[in-house]
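As provided, entry30.txt (compact mmCIF, C-alpha atoms) reads as follows.
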```txt
# COMPACT_ATOMS: atom_id res chain seq x y z
CA MET A 679 0.00 0.00 0.00
CA ALA A 680 1.42 3.37 -0.98
CA LYS A 681 2.43 5.70 1.84
CA PRO A 682 0.54 8.99 2.04
CA THR A 683 2.64 11.96 1.07
CA MET A 684 2.44 15.31 2.82
CA SER A 685 1.41 18.14 0.57
CA THR A 686 3.81 21.05 0.36
CA ASP A 687 0.81 23.37 0.49
CA ALA A 688 0.26 22.34 4.10
CA THR A 689 3.53 23.98 5.15
CA ALA A 690 2.77 27.23 3.36
CA PRO A 691 0.36 28.63 6.00
CA SER A 692 2.77 27.82 8.82
CA ARG A 693 5.66 29.58 7.05
CA SER A 694 3.54 32.61 6.31
CA SER A 695 2.34 32.76 9.92
CA GLU A 696 5.95 32.50 11.14
CA PHE A 697 6.89 35.39 8.88
CA LEU A 698 4.00 37.46 10.23
CA LEU A 699 5.16 36.79 13.80
CA VAL A 700 8.71 37.89 12.97
CA THR A 701 7.65 40.97 11.00
CA PRO A 702 7.09 43.32 14.01
CA ALA A 703 10.49 42.50 15.50
CA LEU A 704 12.10 42.89 12.07
CA ALA A 705 10.45 46.26 11.53
CA ILE A 706 11.55 47.50 14.96
CA THR A 707 15.13 46.32 14.28
CA ILE A 708 15.21 48.15 10.95
CA VAL A 709 13.82 51.38 12.41
CA VAL A 710 15.87 51.39 15.62
CA TYR A 711 19.19 50.01 14.35
CA LEU A 712 19.49 49.98 10.56
CA LEU A 713 18.11 53.42 9.70
CA PRO A 714 20.33 55.26 12.23
CA LEU A 715 23.35 53.48 10.75
CA VAL A 716 22.33 54.56 7.24
CA LEU A 717 21.90 58.17 8.42
CA LEU A 718 25.22 57.95 10.26
CA ALA A 719 26.96 56.79 7.09
CA ARG A 720 25.37 59.60 5.10
CA TYR A 721 26.35 62.26 7.66
CA SER A 722 29.96 61.07 7.49
CA PHE A 723 30.18 62.26 3.87
CA ASN A 724 29.05 65.81 4.68
CA ARG A 725 31.42 68.73 4.93
CA PHE A 726 32.18 70.48 8.20
CA VAL A 727 32.15 74.26 8.26
CA PRO A 728 32.83 75.93 11.66
CA GLY A 729 29.78 77.76 12.92
CA GLN A 730 27.35 75.71 10.84
CA PHE A 731 25.50 72.59 11.97
CA MET A 732 26.22 70.56 8.83
CA VAL A 733 26.84 71.34 5.17
CA SER A 734 25.16 68.87 2.85
CA ASP A 735 27.85 67.52 0.56
CA PHE A 736 29.41 64.27 -0.59
CA THR A 737 33.10 64.19 0.20
CA PHE A 738 35.61 61.58 1.40
CA ALA A 739 37.62 64.24 3.21
CA ASN A 740 36.43 63.10 6.65
CA TYR A 741 37.58 59.52 6.05
CA VAL A 742 40.91 60.71 4.65
CA ASN A 743 41.35 62.96 7.68
CA VAL A 744 40.56 60.20 10.17
CA VAL A 745 42.86 57.67 8.46
CA SER A 746 45.77 60.08 7.97
CA ASP A 747 45.61 61.84 11.34
CA PRO A 748 47.92 60.15 13.92
CA TYR A 749 45.61 61.27 16.73
CA TYR A 750 42.61 59.30 15.43
CA ARG A 751 44.78 56.27 14.57
CA ASN A 752 46.16 56.27 18.09
CA VAL A 753 42.64 56.51 19.54
CA LEU A 754 41.54 53.51 17.47
CA MET A 755 44.58 51.43 18.44
CA THR A 756 44.11 52.36 22.10
CA THR A 757 40.46 51.28 21.92
CA ILE A 758 41.30 47.90 20.35
CA ALA A 759 44.15 47.25 22.80
CA MET A 760 41.99 48.15 25.81
CA ALA A 761 39.05 46.05 24.58
CA LEU A 762 41.30 43.01 24.09
CA SER A 763 42.99 43.48 27.47
CA VAL A 764 39.65 43.85 29.26
CA THR A 765 38.24 40.79 27.49
CA LEU A 766 41.21 38.53 28.28
CA LEU A 767 41.31 39.61 31.93
CA ALA A 768 37.53 39.25 32.29
CA LEU A 769 37.74 35.71 30.88
CA LEU A 770 40.66 34.86 33.15
CA ILE A 771 38.60 35.88 36.19
CA GLY A 772 35.15 34.95 34.95
CA LEU A 773 35.81 31.41 33.72
CA PRO A 774 36.84 29.86 37.07
CA LEU A 775 34.20 31.95 38.84
CA ALA A 776 31.50 30.66 36.48
CA HIS A 777 32.71 27.09 37.03
CA PHE A 778 32.61 27.54 40.79
CA ILE A 779 29.07 28.95 40.66
CA SER A 780 27.79 26.19 38.37
CA ARG A 781 29.01 23.54 40.86
CA ALA A 782 28.02 25.44 44.04
CA GLY A 783 24.96 23.31 44.82
CA ARG A 784 22.51 25.01 47.18
CA MET A 785 24.49 28.28 47.13
CA LYS A 786 24.20 28.54 43.35
CA LYS A 787 21.09 30.77 43.23
CA PHE A 788 22.53 33.13 45.82
CA LEU A 789 25.85 33.42 43.97
CA VAL A 790 24.10 34.04 40.65
CA LEU A 791 22.10 36.79 42.34
CA LEU A 792 25.32 38.40 43.57
CA VAL A 793 26.61 38.42 39.99
CA ILE A 794 23.39 39.93 38.66
CA VAL A 795 23.05 42.70 41.28
CA PRO A 796 25.82 44.95 39.78
CA LEU A 797 23.89 45.00 36.48
CA PHE A 798 21.17 47.05 38.21
CA VAL A 799 23.69 49.85 38.77
CA GLY A 800 24.65 52.08 35.86
CA ASN A 801 28.20 52.15 34.55
CA ALA A 802 28.58 55.80 35.53
CA VAL A 803 27.62 55.05 39.13
CA ARG A 804 30.06 52.14 39.31
CA ALA A 805 32.80 54.29 37.78
CA ALA A 806 32.10 56.94 40.42
CA GLY A 807 32.60 54.29 43.09
CA TRP A 808 35.94 53.35 41.58
CA MET A 809 36.90 57.03 41.57
CA LEU A 810 36.42 57.13 45.33
CA ALA A 811 38.45 53.93 45.74
CA PHE A 812 41.31 55.04 43.46
CA GLY A 813 41.72 58.59 44.80
CA GLU A 814 44.83 59.67 46.67
CA GLN A 815 42.86 59.39 49.92
CA GLY A 816 40.81 56.47 48.67
CA LEU A 817 40.49 52.91 49.93
CA VAL A 818 43.18 51.40 47.69
CA ASN A 819 45.86 53.90 48.71
CA ALA A 820 44.82 53.63 52.36
CA ILE A 821 45.38 49.86 52.20
CA LEU A 822 48.71 50.18 50.36
CA VAL A 823 50.08 52.76 52.78
CA GLY A 824 48.63 50.98 55.82
CA LEU A 825 50.31 47.69 54.85
CA GLY A 826 53.59 49.45 54.15
CA ILE A 827 53.60 48.47 50.47
CA THR A 828 54.05 52.11 49.46
CA ALA A 829 55.41 54.99 51.50
CA GLU A 830 52.93 57.49 50.08
CA PRO A 831 49.75 57.40 47.97
CA ILE A 832 50.29 56.44 44.35
CA ARG A 833 48.50 57.85 41.33
CA ILE A 834 45.84 55.42 40.09
CA MET A 835 43.09 57.74 38.90
CA TYR A 836 43.23 58.97 35.30
CA THR A 837 45.49 56.13 34.17
CA PRO A 838 44.93 53.20 31.78
CA VAL A 839 45.13 50.87 34.79
CA ALA A 840 42.07 52.51 36.35
CA VAL A 841 40.17 52.18 33.06
CA LEU A 842 41.20 48.54 32.76
CA ILE A 843 40.05 47.64 36.27
CA GLY A 844 36.77 49.56 35.93
CA SER A 845 36.00 48.03 32.52
CA VAL A 846 36.76 44.50 33.72
CA ALA A 847 34.37 45.01 36.63
CA VAL A 848 31.67 46.05 34.17
CA ASN A 849 32.22 43.06 31.85
CA ILE A 850 32.68 40.26 34.39
CA PRO A 851 28.94 39.74 35.11
CA PHE A 852 28.24 39.27 31.39
CA VAL A 853 31.14 36.86 31.04
CA VAL A 854 30.21 34.84 34.12
CA LEU A 855 26.53 34.53 33.23
CA THR A 856 27.29 33.55 29.63
CA ILE A 857 29.78 30.83 30.55
CA GLN A 858 27.84 29.62 33.57
CA SER A 859 24.75 28.94 31.46
CA VAL A 860 26.84 26.62 29.26
CA LEU A 861 28.53 24.92 32.21
CA ASP A 862 25.11 24.14 33.66
CA GLY A 863 24.50 21.93 30.65
CA ILE A 864 27.62 19.83 31.31
CA ASN A 865 26.88 16.75 33.40
CA PRO A 866 29.06 16.82 36.56
CA SER A 867 29.46 13.05 36.22
CA VAL A 868 31.79 13.66 33.27
CA GLU A 869 34.21 15.52 35.53
CA GLU A 870 33.78 12.92 38.28
CA ALA A 871 34.66 10.17 35.81
CA ALA A 872 37.86 11.97 34.78
CA ILE A 873 38.90 12.42 38.41
CA SER A 874 38.15 8.75 39.16
CA LEU A 875 40.51 7.81 36.33
CA GLY A 876 43.38 9.67 37.99
CA ALA A 877 43.14 13.16 36.52
CA THR A 878 43.84 16.10 38.80
CA PRO A 879 41.17 18.81 39.18
CA PHE A 880 43.20 21.14 36.95
CA GLU A 881 43.65 18.47 34.28
CA THR A 882 39.94 17.70 34.45
CA PHE A 883 39.11 21.35 33.96
CA ARG A 884 41.62 21.82 31.13
CA LYS A 885 40.98 18.60 29.21
CA VAL A 886 37.30 17.91 29.91
CA THR A 887 35.38 20.94 31.17
CA LEU A 888 37.02 23.68 29.10
CA PRO A 889 36.59 21.96 25.69
CA LEU A 890 32.92 21.35 26.46
CA ALA A 891 32.47 24.96 27.61
CA LEU A 892 34.23 26.53 24.61
CA PRO A 893 31.00 27.70 22.90
CA GLY A 894 30.16 29.75 25.99
CA VAL A 895 33.74 31.02 26.32
CA ARG A 896 33.76 32.16 22.70
CA THR A 897 30.41 33.90 23.05
CA ALA A 898 31.59 35.61 26.23
CA PHE A 899 34.78 36.72 24.45
CA VAL A 900 32.84 38.37 21.61
CA LEU A 901 30.33 39.97 23.99
CA SER A 902 33.04 41.37 26.26
CA PHE A 903 35.05 42.65 23.29
CA ILE A 904 32.04 44.51 21.88
CA LEU A 905 31.33 46.06 25.28
CA GLY A 906 34.97 47.08 25.62
CA MET A 907 35.11 48.65 22.16
CA ASN A 908 32.02 50.76 22.83
CA ALA A 909 32.72 51.75 26.45
CA TYR A 910 32.04 55.40 27.25
CA ALA A 911 31.37 56.20 30.92
CA THR A 912 34.29 54.21 32.34
CA PRO A 913 37.02 55.68 30.07
CA VAL A 914 35.69 59.21 30.58
CA LEU A 915 35.43 59.06 34.37
CA LEU A 916 38.45 56.89 35.17
CA GLY A 917 40.74 57.76 32.24
CA GLY A 918 40.42 61.52 32.38
CA PRO A 919 40.90 63.95 29.49
CA SER A 920 44.33 62.59 28.53
CA PHE A 921 43.10 59.04 27.90
CA ARG A 922 41.08 58.73 24.71
CA MET A 923 38.98 55.89 23.34
CA MET A 924 36.68 55.96 20.34
CA ALA A 925 33.33 56.49 22.08
CA PRO A 926 34.49 59.52 24.14
CA ALA A 927 36.40 60.90 21.14
CA LEU A 928 33.42 60.84 18.78
CA THR A 929 31.14 62.23 21.50
CA ASP A 930 33.56 65.12 21.96
CA GLU A 931 33.53 65.81 18.22
CA ILE A 932 29.72 65.99 18.16
CA LEU A 933 28.88 67.68 21.46
CA ALA A 934 31.92 69.84 22.19
CA LYS A 935 33.06 70.76 18.67
CA ASN A 936 29.67 70.42 16.92
CA ASN A 937 31.53 68.53 14.19
CA TRP A 938 28.88 66.03 13.17
CA PRO A 939 30.58 64.82 9.95
CA VAL A 940 33.82 63.79 11.71
CA GLY A 941 31.86 62.44 14.68
CA ALA A 942 29.74 60.34 12.33
CA THR A 943 32.89 59.14 10.56
CA LEU A 944 34.45 58.05 13.86
CA ALA A 945 31.21 56.32 14.88
CA PHE A 946 31.08 54.49 11.56
CA PHE A 947 34.74 53.49 11.94
CA LEU A 948 33.94 52.16 15.42
CA VAL A 949 30.97 50.12 14.16
CA VAL A 950 32.85 48.70 11.16
CA THR A 951 35.99 47.90 13.17
CA THR A 952 33.95 46.14 15.85
CA LEU A 953 32.05 44.10 13.26
CA LEU A 954 35.22 43.17 11.36
CA LEU A 955 37.16 42.09 14.45
CA THR A 956 34.13 40.21 15.79
CA SER A 957 33.83 38.43 12.44
CA VAL A 958 37.53 37.53 12.54
CA PHE A 959 37.15 36.10 16.05
CA GLY A 960 34.04 34.22 14.94
CA ARG A 961 35.82 32.67 11.99
CA SER A 962 38.89 31.77 14.00
CA ARG A 963 36.84 29.95 16.62
CA LYS A 964 35.30 27.72 13.93
CA SER A 965 38.63 26.76 12.37
```

Entire entry expressed as structure tokens:
Amino acid sequence: MAKPTMSTDATAPSRSSEFLLVTPALAITIVVYLLPLVLLARYSFNRFVPGQFMVSDFTFANYVNVVSDPYYRNVLMTTIAMALSVTLLALLIGLPLAHFISRAGRMKKFLVLLVIVPLFVGNAVRAAGWMLAFGEQGLVNAILVGLGITAEPIRIMYTPVAVLIGSVAVNIPFVVLTIQSVLDGINPSVEEAAISLGATPFETFRKVTLPLALPGVRTAFVLSFILGMNAYATPVLLGGPSFRMMAPALTDEILAKNNWPVGATLAFFLVVTTLLLTSVFGRSRKS
């Protein structure tokens, strides 16, 4: 007896209904994200005339200026270097912390809550807290002088070190939660089996747990890198006027100098650079 075949027409309504369900989210994405990027790209080709908001034109002078100016190149390199440093340090701290939380048993929910709580506080507020800690009369210097490590307070505020520490503190919750969600899916019996066969805890983590958790580690890496590339409040408050990253630099061009074309060019450079480097990291993790 011949088997009944499913008509392709039966799947048509379901596909059309799925498309209708996705349409509102797609429309919102286009309006909120895509159109501003298109306008940003168009503004970057305008000409800047001091005293005027924007002169409608189509020129590549802004891109030539940004590429040829050592100041802007240095800002871009500083941003990339800081984002990579923050990401690597956040992974170094966040990976073992996520593993500890995922195997914490009854304390797990409480520890996850402690990781989530900082996300309720804005980056500017957290940076202000670090400013109090890093000041000459702040907590860090009080501890260093009190323990005799330094004879007098050292300068921490308005240095790349302060920006690095503040940015890592911002990114760690995202890294921990991303990796911990993947570790939760790994059966603890796999690690117990490795230990029962003579592997040390470190060998078990390196040879068993880490390879299984790599998808979460890679996702956390990309997420932290994007956050580091686009950081604004932390570099401004902890880095001071002498430390420049892309987000504060383009904001200064638009708000302080009223130079929208160059500000739009820097913003477009930031978006494109972030997407390119993220794509490179994505391709390298698949190879």

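For Ala911 in chain A, the non-local neighbours within 9 Å, defined as residues at least 5 positions apart in the same chain or in other chains and counting all atoms listed in the file, are Asn801, Ala802, Ala805, Leu916 and Pro926 of chain A.
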
Please provide as a PyMOL selection string all residues within 12 Å of Ser920 in chain A, with the sequence filter that same-chain residues fewer than 6 positions apart are discarded (counting only C-alpha atoms).
-> chain A and resi 749+753+835-838+913-914+926-927

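If you look at CA of Ile706 in chain A and CA of Phe736 in chain A, they are 29.0 Å away from each other.
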
Give me the residues within 10 Å of Gly863 in chain A as a ChimeraX atom specification, counting all atoms listed in the file and dropping any in the same chain fewer than 2 places off.
-> /A:780,858-861,865-866,890-891

Could the residues in this selection be saved with C-alpha atoms as a PDB file, in the frame of the given file?
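Wrote again.pdb, looks like this:
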```pdb
ATOM      1  CA  SER A 780      27.790  26.190  38.370  1.00  0.00           C
ATOM      2  CA  GLN A 858      27.840  29.620  33.570  1.00  0.00           C
ATOM      3  CA  SER A 859      24.750  28.940  31.460  1.00  0.00           C
ATOM      4  CA  VAL A 860      26.840  26.620  29.260  1.00  0.00           C
ATOM      5  CA  LEU A 861      28.530  24.920  32.210  1.00  0.00           C
ATOM      6  CA  ASN A 865      26.880  16.750  33.400  1.00  0.00           C
ATOM      7  CA  PRO A 866      29.060  16.820  36.560  1.00  0.00           C
ATOM      8  CA  LEU A 890      32.920  21.350  26.460  1.00  0.00           C
ATOM      9  CA  ALA A 891      32.470  24.960  27.610  1.00  0.00           C
TER      10      ALA A 891
END
```

So that I can check the surroundings of Ala776 in chain A, please list as a PDB file with C-alpha atoms, in the coordinates of the input every protein, DNA and RNA residue that reaches within 12 Å of it, counting only C-alpha atoms and ignoring chain neighbours fewer than 2 positions away.
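Okay, result-v6.pdb is ready:
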```pdb
ATOM      1  CA  ALA A 768      37.530  39.250  32.290  1.00  0.00           C
ATOM      2  CA  LEU A 769      37.740  35.710  30.880  1.00  0.00           C
ATOM      3  CA  LEU A 770      40.660  34.860  33.150  1.00  0.00           C
ATOM      4  CA  ILE A 771      38.600  35.880  36.190  1.00  0.00           C
ATOM      5  CA  GLY A 772      35.150  34.950  34.950  1.00  0.00           C
ATOM      6  CA  LEU A 773      35.810  31.410  33.720  1.00  0.00           C
ATOM      7  CA  PRO A 774      36.840  29.860  37.070  1.00  0.00           C
ATOM      8  CA  PHE A 778      32.610  27.540  40.790  1.00  0.00           C
ATOM      9  CA  ILE A 779      29.070  28.950  40.660  1.00  0.00           C
ATOM     10  CA  SER A 780      27.790  26.190  38.370  1.00  0.00           C
ATOM     11  CA  ARG A 781      29.010  23.540  40.860  1.00  0.00           C
ATOM     12  CA  ALA A 782      28.020  25.440  44.040  1.00  0.00           C
ATOM     13  CA  LYS A 786      24.200  28.540  43.350  1.00  0.00           C
ATOM     14  CA  LEU A 789      25.850  33.420  43.970  1.00  0.00           C
ATOM     15  CA  VAL A 790      24.100  34.040  40.650  1.00  0.00           C
ATOM     16  CA  VAL A 793      26.610  38.420  39.990  1.00  0.00           C
ATOM     17  CA  ILE A 850      32.680  40.260  34.390  1.00  0.00           C
ATOM     18  CA  PRO A 851      28.940  39.740  35.110  1.00  0.00           C
ATOM     19  CA  PHE A 852      28.240  39.270  31.390  1.00  0.00           C
ATOM     20  CA  VAL A 853      31.140  36.860  31.040  1.00  0.00           C
ATOM     21  CA  VAL A 854      30.210  34.840  34.120  1.00  0.00           C
ATOM     22  CA  LEU A 855      26.530  34.530  33.230  1.00  0.00           C
ATOM     23  CA  THR A 856      27.290  33.550  29.630  1.00  0.00           C
ATOM     24  CA  ILE A 857      29.780  30.830  30.550  1.00  0.00           C
ATOM     25  CA  GLN A 858      27.840  29.620  33.570  1.00  0.00           C
ATOM     26  CA  SER A 859      24.750  28.940  31.460  1.00  0.00           C
ATOM     27  CA  VAL A 860      26.840  26.620  29.260  1.00  0.00           C
ATOM     28  CA  LEU A 861      28.530  24.920  32.210  1.00  0.00           C
ATOM     29  CA  ASP A 862      25.110  24.140  33.660  1.00  0.00           C
ATOM     30  CA  THR A 887      35.380  20.940  31.170  1.00  0.00           C
ATOM     31  CA  LEU A 888      37.020  23.680  29.100  1.00  0.00           C
ATOM     32  CA  ALA A 891      32.470  24.960  27.610  1.00  0.00           C
ATOM     33  CA  GLY A 894      30.160  29.750  25.990  1.00  0.00           C
ATOM     34  CA  VAL A 895      33.740  31.020  26.320  1.00  0.00           C
ATOM     35  CA  ALA A 898      31.590  35.610  26.230  1.00  0.00           C
TER      36      ALA A 898
END
```

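Interatomic distance, CA of Tyr750 in chain A against CA of Asn724 in chain A: 18.5 Å.
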
Which residue out of A:Tyr721, A:Pro893, A:Leu825, A:Leu955 has the minimum interatomic distance to Ser734 in chain A when only C-alpha atoms are used?
-> A:Tyr721

Extract, using only C-alpha atoms, all DNA, RNA and protein residues at most 8 Å from Phe738 in chain A, discarding same-chain residues fewer than 3 positions from it, and format them as an MDAnalysis selection string.
-> chainID A and resid 723 741:742

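Atom pair CA of Ile932 in chain A / CA of Leu944 in chain A has a distance of 10.2 Å (rounded to one decimal).
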
Pick the closest to Gly807 in chain A from A:Val795, A:Leu915, A:Leu713, A:Leu775: which is it, counting only C-alpha atoms?
->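 Of A:Val795, A:Leu915, A:Leu713, A:Leu775, the one nearest Gly807 in chain A is A:Leu915, counting only C-alpha atoms.
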
Pick from A:Ile864, A:Val940, A:Leu842, A:Leu718, whichever lies nearest to Ser763 in chain A using only C-alpha atoms = A:Leu842

If I wrap all listed atoms of range 902-910 of chain A in a box with edges along x, y and z and add 8 Å on each side, what are its centre and edge lengths in Å to one decimal, as AutoDock Vina command-line options?
```
--center_x 33.2 --center_y 48.4 --center_z 24.6 --size_x 19.8 --size_y 30.0 --size_z 21.4
```

From the list A:Leu954, A:Ile794, A:Leu901, A:Val949, which residue is nearest Val716 in chain A when using only C-alpha atoms?
->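 For Val716 in chain A, the nearest of the given residues is A:Val949.
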
Which of these residues is nearest to Ala719 in chain A, using all atoms listed in the file: A:Gln815, A:Met785, A:Thr943, A:Phe880?
->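 Among the listed residues, A:Thr943 lies closest to Ala719 in chain A.
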
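Checking A:Leu875, A:Val848, A:Ala840, A:Leu762 one by one against Val799 in chain A, counting all atoms listed in the file, you find the shortest gap at A:Val848.
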
Written record: range 702-760 of chain A, C-alpha atoms, as an mmCIF file, in the first residue's frame:
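Resulting contents of selection07.cif:
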```cif
data_model
loop_
_atom_site.group_PDB
_atom_site.id
_atom_site.type_symbol
_atom_site.label_atom_id
_atom_site.label_comp_id
_atom_site.auth_asym_id
_atom_site.auth_seq_id
_atom_site.Cartn_x
_atom_site.Cartn_y
_atom_site.Cartn_z
ATOM 1 C CA PRO A 702 7.087 43.320 14.007
ATOM 2 C CA ALA A 703 10.490 42.502 15.501
ATOM 3 C CA LEU A 704 12.100 42.887 12.069
ATOM 4 C CA ALA A 705 10.446 46.260 11.532
ATOM 5 C CA ILE A 706 11.555 47.505 14.960
ATOM 6 C CA THR A 707 15.125 46.324 14.276
ATOM 7 C CA ILE A 708 15.214 48.153 10.946
ATOM 8 C CA VAL A 709 13.817 51.383 12.407
ATOM 9 C CA VAL A 710 15.867 51.387 15.620
ATOM 10 C CA TYR A 711 19.191 50.014 14.347
ATOM 11 C CA LEU A 712 19.493 49.983 10.561
ATOM 12 C CA LEU A 713 18.108 53.419 9.697
ATOM 13 C CA PRO A 714 20.329 55.259 12.227
ATOM 14 C CA LEU A 715 23.353 53.485 10.748
ATOM 15 C CA VAL A 716 22.328 54.561 7.243
ATOM 16 C CA LEU A 717 21.905 58.165 8.423
ATOM 17 C CA LEU A 718 25.219 57.950 10.257
ATOM 18 C CA ALA A 719 26.961 56.789 7.093
ATOM 19 C CA ARG A 720 25.372 59.600 5.103
ATOM 20 C CA TYR A 721 26.351 62.256 7.662
ATOM 21 C CA SER A 722 29.958 61.073 7.489
ATOM 22 C CA PHE A 723 30.182 62.259 3.873
ATOM 23 C CA ASN A 724 29.047 65.805 4.680
ATOM 24 C CA ARG A 725 31.416 68.727 4.931
ATOM 25 C CA PHE A 726 32.180 70.480 8.205
ATOM 26 C CA VAL A 727 32.152 74.263 8.264
ATOM 27 C CA PRO A 728 32.833 75.931 11.655
ATOM 28 C CA GLY A 729 29.782 77.758 12.915
ATOM 29 C CA GLN A 730 27.348 75.705 10.842
ATOM 30 C CA PHE A 731 25.501 72.589 11.971
ATOM 31 C CA MET A 732 26.217 70.560 8.830
ATOM 32 C CA VAL A 733 26.845 71.345 5.171
ATOM 33 C CA SER A 734 25.163 68.867 2.845
ATOM 34 C CA ASP A 735 27.849 67.519 0.555
ATOM 35 C CA PHE A 736 29.415 64.265 -0.591
ATOM 36 C CA THR A 737 33.100 64.186 0.201
ATOM 37 C CA PHE A 738 35.607 61.582 1.398
ATOM 38 C CA ALA A 739 37.624 64.245 3.215
ATOM 39 C CA ASN A 740 36.428 63.099 6.645
ATOM 40 C CA TYR A 741 37.583 59.525 6.046
ATOM 41 C CA VAL A 742 40.909 60.706 4.647
ATOM 42 C CA ASN A 743 41.348 62.957 7.680
ATOM 43 C CA VAL A 744 40.558 60.195 10.172
ATOM 44 C CA VAL A 745 42.860 57.672 8.462
ATOM 45 C CA SER A 746 45.771 60.076 7.972
ATOM 46 C CA ASP A 747 45.614 61.841 11.342
ATOM 47 C CA PRO A 748 47.919 60.146 13.918
ATOM 48 C CA TYR A 749 45.609 61.270 16.732
ATOM 49 C CA TYR A 750 42.612 59.297 15.428
ATOM 50 C CA ARG A 751 44.775 56.272 14.567
ATOM 51 C CA ASN A 752 46.158 56.270 18.091
ATOM 52 C CA VAL A 753 42.637 56.511 19.538
ATOM 53 C CA LEU A 754 41.537 53.509 17.469
ATOM 54 C CA MET A 755 44.579 51.429 18.437
ATOM 55 C CA THR A 756 44.110 52.356 22.097
ATOM 56 C CA THR A 757 40.463 51.279 21.923
ATOM 57 C CA ILE A 758 41.302 47.904 20.349
ATOM 58 C CA ALA A 759 44.146 47.248 22.801
ATOM 59 C CA MET A 760 41.987 48.154 25.805
#
```
